[in-house]
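Shown next, in structure tokens, is the structure this report addresses.
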Amino acid sequence: MIDGIEVAVDREAVVVTAREPLTILSSAFVGGGFTTARAIVNLHVRKNIPEAETDGLLPRFVERREIRGPWIGLLTSAWTEKAVVAEASGSGLTALAVVTVGLSNRIAAGRTPVGVWAPTTINSIVVVDGDPEAAALVNAVMTVTEVKASLLASVDLRCEDGRVASGTSTDSVVVAATGRGPRCRFGGPISDFGWVVARAAHDALEVGIQRWMEEHL
């Protein structure tokens with residue numbers, strides 16, 4: 001585990017907390033984009049909850065749990081107690097991935113038409129004990145997405161129309177960094193920073209995808 005990082009997993013949520021603020025790039029439901037935060041919350045919600053009913057869910061949860069801010073928040077109808085945690089190290093860097101996997105609303109990017117928002121998601125959180133430049137964080141988000149799409153293709157997971165799925169309609173990615181250690185310029189799959197991100201994400205997502213398929217297909 002990365003020093004200063006804690007992960008709590010239960011039926012309500014996955015909560016990643018940091019002793020010191022993390023530099024984050026994410027597509028989080030609340031607080032997405034470039035930011036700094038001490039907590040990352042992935043909250044379980046019921047399947048097919050209307051977007052209009054999600055207002056206030058994350059702030060109320062954070063207040064009830066007394067989670068120290070600032071924070072960012074994600075939503076998923078995947079079972080958070082089944083979150084998968086994996087770690088990878090190399091070149092003086094360590095990455096910790098925490099993922100939840102729900103694959104009911106599978107899509108093929110660029111092929112599946114616009115549809116109704118639904119929170120059955122693959123939510124991937126990766127924290128790296130490293131100091132990336134902003135572009136490296138962008139690159140690392142791309143790297144996590146490449147890993148997800150390649151794993152879905154490798155198991156030949158299909159959409160309802162028969163196309164190979166690239167993900168679900170509301171997948172979210174968070175890449176966070178402690179800011180410690182040498183400065184990292186790149187975050188692609190074969191860079192030092194991107195390699196540990198890819199390895200940790202691969203190990204966590206592979207388990208989560210296989211488990212979901214065994215339970216549902």
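Residues are referred to by chain and number: the chain letter is A, B, ... according to the order shown in the structure tokens, the number counts from 1 in that chain, and ligands are numbered separately from 1 in the order shown.
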
Can you list every residue in chain A that DSSP puts in strand (DSSP E), as a ChimeraX atom specification?
-> /A:5-9,13-26,33-44,71-76,84-90,93-101,106-107,122-129,131-132,167-168,172-177,183-184

Stretch 82-187 of chain A near stretch 205-214 of chain A within 7 Å: what's each residue's closest atom pair and its distance in Å to one decimal, counting only C-alpha atoms, ordered by chain then ascending residue number, as a tab-separated table?
```
residue	atom	partner	partner_atom	distance
A:Val84	CA	A:Gly208	CA	6.3
A:Val99	CA	A:Leu205	CA	6.5
A:Thr100	CA	A:Gly208	CA	6.9
A:Val101	CA	A:Gly208	CA	5.6
A:Gly102	CA	A:Trp212	CA	7.0
A:Lys148	CA	A:Leu205	CA	6.9
A:Leu151	CA	A:Glu206	CA	6.7
```

All heavy atoms of the current selection, written as a tab-separated table (two decimals), in the first residue's frame:
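Below is the file that was written, part-v1.tsv:
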```
chain	number	residue	atom	x	y	z
A	84	VAL	N	-12.30	-4.40	-6.56
A	84	VAL	CA	-11.03	-5.12	-6.67
A	84	VAL	C	-9.89	-4.13	-6.50
A	84	VAL	O	-9.89	-3.06	-7.11
A	84	VAL	CB	-10.91	-5.84	-8.03
A	84	VAL	CG1	-9.61	-6.64	-8.09
A	84	VAL	CG2	-12.11	-6.74	-8.28
A	99	VAL	N	-11.11	-0.75	-8.45
A	99	VAL	CA	-12.12	-0.70	-9.51
A	99	VAL	C	-13.40	-1.37	-9.07
A	99	VAL	O	-13.39	-2.33	-8.29
A	99	VAL	CB	-11.61	-1.34	-10.82
A	99	VAL	CG1	-10.28	-0.73	-11.25
A	99	VAL	CG2	-11.48	-2.84	-10.69
A	100	THR	N	-14.51	-0.85	-9.58
A	100	THR	CA	-15.80	-1.53	-9.49
A	100	THR	C	-16.27	-1.80	-10.91
A	100	THR	O	-16.08	-0.96	-11.80
A	100	THR	CB	-16.85	-0.69	-8.74
A	100	THR	OG1	-16.92	0.63	-9.31
A	100	THR	CG2	-16.48	-0.57	-7.26
A	101	VAL	N	-16.86	-2.96	-11.12
A	101	VAL	CA	-17.22	-3.37	-12.48
A	101	VAL	C	-18.69	-3.77	-12.56
A	101	VAL	O	-19.13	-4.69	-11.87
A	101	VAL	CB	-16.34	-4.55	-12.95
A	101	VAL	CG1	-16.77	-5.02	-14.34
A	101	VAL	CG2	-14.87	-4.13	-12.97
A	102	GLY	N	-19.43	-3.07	-13.40
A	102	GLY	CA	-20.78	-3.44	-13.79
A	102	GLY	C	-20.85	-3.37	-15.30
A	102	GLY	O	-20.40	-2.38	-15.89
A	148	LYS	N	-8.82	-1.09	-20.23
A	148	LYS	CA	-10.21	-1.55	-20.11
A	148	LYS	C	-10.73	-2.09	-21.43
A	148	LYS	O	-11.29	-3.20	-21.49
A	148	LYS	CB	-11.09	-0.38	-19.65
A	148	LYS	CG	-12.57	-0.70	-19.61
A	148	LYS	CD	-13.40	0.56	-19.62
A	148	LYS	CE	-13.30	1.30	-20.94
A	148	LYS	NZ	-14.19	2.48	-21.00
A	151	LEU	N	-9.11	-5.45	-22.43
A	151	LEU	CA	-9.59	-6.58	-21.64
A	151	LEU	C	-10.98	-7.02	-22.08
A	151	LEU	O	-11.27	-8.22	-22.17
A	151	LEU	CB	-9.60	-6.21	-20.16
A	151	LEU	CG	-8.24	-6.22	-19.46
A	151	LEU	CD1	-8.34	-5.60	-18.08
A	151	LEU	CD2	-7.69	-7.65	-19.36
```

What are the nearest atom pairs, with distances in Å to one decimal, for all residues of stretch 84-185 of chain A that come at most 10 Å from stretch 18-31 of chain A, using only C-alpha atoms, set out by chain and rising residue number as a Markdown table?
```
| residue | atom | partner | partner_atom | distance |
| --- | --- | --- | --- | --- |
| A:Asn123 | CA | A:Ala28 | CA | 9.2 |
| A:Ser124 | CA | A:Ser26 | CA | 9.8 |
| A:Ile125 | CA | A:Ser26 | CA | 8.9 |
| A:Val126 | CA | A:Ile24 | CA | 9.8 |
| A:Val127 | CA | A:Leu22 | CA | 8.6 |
| A:Val128 | CA | A:Leu22 | CA | 9.4 |
| A:Asp129 | CA | A:Leu22 | CA | 9.7 |
| A:Asp131 | CA | A:Thr23 | CA | 8.8 |
| A:Pro132 | CA | A:Thr23 | CA | 8.9 |
| A:Glu133 | CA | A:Thr23 | CA | 10.0 |
| A:Ala134 | CA | A:Leu25 | CA | 8.4 |
| A:Leu137 | CA | A:Leu25 | CA | 6.4 |
| A:Val138 | CA | A:Leu25 | CA | 7.2 |
| A:Ala140 | CA | A:Leu25 | CA | 9.3 |
| A:Val141 | CA | A:Ser26 | CA | 7.7 |
| A:Thr170 | CA | A:Ser27 | CA | 9.8 |
| A:Asp171 | CA | A:Ser27 | CA | 8.6 |
| A:Ser172 | CA | A:Ser27 | CA | 5.5 |
| A:Val173 | CA | A:Ser26 | CA | 5.6 |
| A:Val174 | CA | A:Ser26 | CA | 4.3 |
| A:Val175 | CA | A:Leu25 | CA | 5.6 |
| A:Ala176 | CA | A:Ile24 | CA | 4.3 |
| A:Ala177 | CA | A:Thr23 | CA | 5.2 |
| A:Thr178 | CA | A:Leu22 | CA | 5.1 |
| A:Gly179 | CA | A:Thr23 | CA | 7.1 |
```

Counting only C-alpha atoms, the residue among A:Arg180, A:Arg111, A:Arg185, A:Arg199 that lies closest to A:Asp161 is A:Arg111

Taking only C-alpha atoms into account, which of A:Thr121, A:Leu75, A:Val9, A:Met142 comes nearest A:Gly188?
->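 Residue with the minimum atom-to-atom distance to A:Gly188: A:Met142.
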
Between atom CA of A:Glu51 and atom CA of A:Trp117 - distance in Å to one decimal =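 Distance between the two atoms: 7.0 Å.
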
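The environment of A:Val7 within 7 Å, counting only C-alpha atoms and disregarding residues fewer than 2 places along the same chain, consists of Ile5, Val9, Val15, Val16 and Thr17 of chain A.
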
Keeping only N, CA, C and O atoms, write the selected residues as a CSV table (one decimal), in the first residue's frame.
```
chain,number,residue,atom,x,y,z
A,5,ILE,N,-2.0,6.6,2.0
A,5,ILE,CA,-3.3,6.3,1.3
A,5,ILE,C,-4.0,5.1,2.0
A,5,ILE,O,-3.4,4.1,2.3
A,9,VAL,N,-13.7,-0.3,1.8
A,9,VAL,CA,-14.6,-0.9,0.8
A,9,VAL,C,-15.8,-1.5,1.6
A,9,VAL,O,-15.5,-2.3,2.6
A,15,VAL,N,-14.1,4.2,-0.7
A,15,VAL,CA,-13.6,5.5,-0.3
A,15,VAL,C,-12.1,5.4,-0.2
A,15,VAL,O,-11.5,4.6,0.6
A,16,VAL,N,-11.4,6.2,-1.0
A,16,VAL,CA,-9.9,6.3,-1.0
A,16,VAL,C,-9.6,7.6,-0.4
A,16,VAL,O,-10.0,8.7,-0.8
A,17,THR,N,-8.8,7.6,0.7
A,17,THR,CA,-8.4,8.8,1.4
A,17,THR,C,-6.9,9.0,1.4
A,17,THR,O,-6.2,8.0,1.5
```

Among stretch 40-169 of chain A, which ones does DSSP place in helix (DSSP H, G or I), written as a PyMOL selection string?
-> chain A and resi 51-53+57-65+80-82+134-154

Would you save the residues from that selection as a CSV table (one decimal), in the first residue's frame, using C-alpha atoms?
```csv
chain,number,residue,atom,x,y,z
A,51,GLU,CA,-30.0,11.4,-13.0
A,52,ALA,CA,-32.4,14.0,-11.4
A,53,GLU,CA,-32.5,11.9,-8.2
A,57,LEU,CA,-26.4,11.9,-2.7
A,58,LEU,CA,-22.6,12.3,-2.6
A,59,PRO,CA,-22.5,15.4,-0.4
A,60,ARG,CA,-24.9,13.7,2.1
A,61,PHE,CA,-22.8,10.6,2.2
A,62,VAL,CA,-19.6,12.5,2.7
A,63,GLU,CA,-21.2,14.5,5.5
A,64,ARG,CA,-22.6,11.4,7.2
A,65,ARG,CA,-19.3,9.5,7.0
A,80,THR,CA,-19.0,-1.7,-4.2
A,81,GLU,CA,-18.3,-4.4,-1.7
A,82,LYS,CA,-16.9,-6.4,-4.7
A,134,ALA,CA,-0.3,17.5,-16.3
A,135,ALA,CA,0.1,15.9,-19.7
A,136,ALA,CA,1.3,12.7,-18.1
A,137,LEU,CA,-2.0,12.5,-16.1
A,138,VAL,CA,-4.0,13.0,-19.3
A,139,ASN,CA,-1.9,10.2,-20.9
A,140,ALA,CA,-2.4,8.0,-17.9
A,141,VAL,CA,-6.2,8.3,-18.2
A,142,MET,CA,-5.9,7.2,-21.8
A,143,THR,CA,-3.8,4.3,-20.7
A,144,VAL,CA,-6.4,3.1,-18.2
A,145,THR,CA,-9.0,3.4,-20.9
A,146,GLU,CA,-6.9,1.4,-23.3
A,147,VAL,CA,-6.5,-1.4,-20.7
A,148,LYS,CA,-10.2,-1.5,-20.1
A,149,ALA,CA,-11.1,-1.8,-23.8
A,150,SER,CA,-8.4,-4.4,-24.5
A,151,LEU,CA,-9.6,-6.6,-21.6
A,152,LEU,CA,-13.2,-6.4,-22.8
A,153,ALA,CA,-12.1,-7.3,-26.3
A,154,SER,CA,-10.0,-10.2,-25.0
```

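Between A:Ile122 and the candidates A:Val197, A:Leu157, A:Leu217, A:Ala78, the tightest atom-to-atom separation, counting only C-alpha atoms, involves A:Ala78.
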
Near-A:Gly92 list (9 Å; only C-alpha atoms; drop same-chain fewer than 5 positions) as a list in words = Asp129, Gly130, Gly181, Pro182 and Asp192 of chain A

Leaving out A:Val14 and any residue of its chain fewer than 2 positions from it, which residues lie within 6 Å of it when counting only C-alpha atoms, given as a ChimeraX atom specification?
-> /A:8-9,41-42

Tell me, in Å to one decimal, how far atom CA of A:Met1 is from atom CA of A:Gly33.
->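 These two atoms are separated by 25.4 Å.
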
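Checking A:Gly167, A:Leu103, A:Ala201, A:His216 one by one against A:Val85, counting only C-alpha atoms, you find the shortest gap at A:Ala201.
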
Given only C-alpha atoms as the counted atoms, nearest of A:Leu74, A:Cys159, A:Ala88, A:Ala95 to A:Ile107 =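 Looking at the shortest contact to A:Ile107, the residue is A:Cys159.
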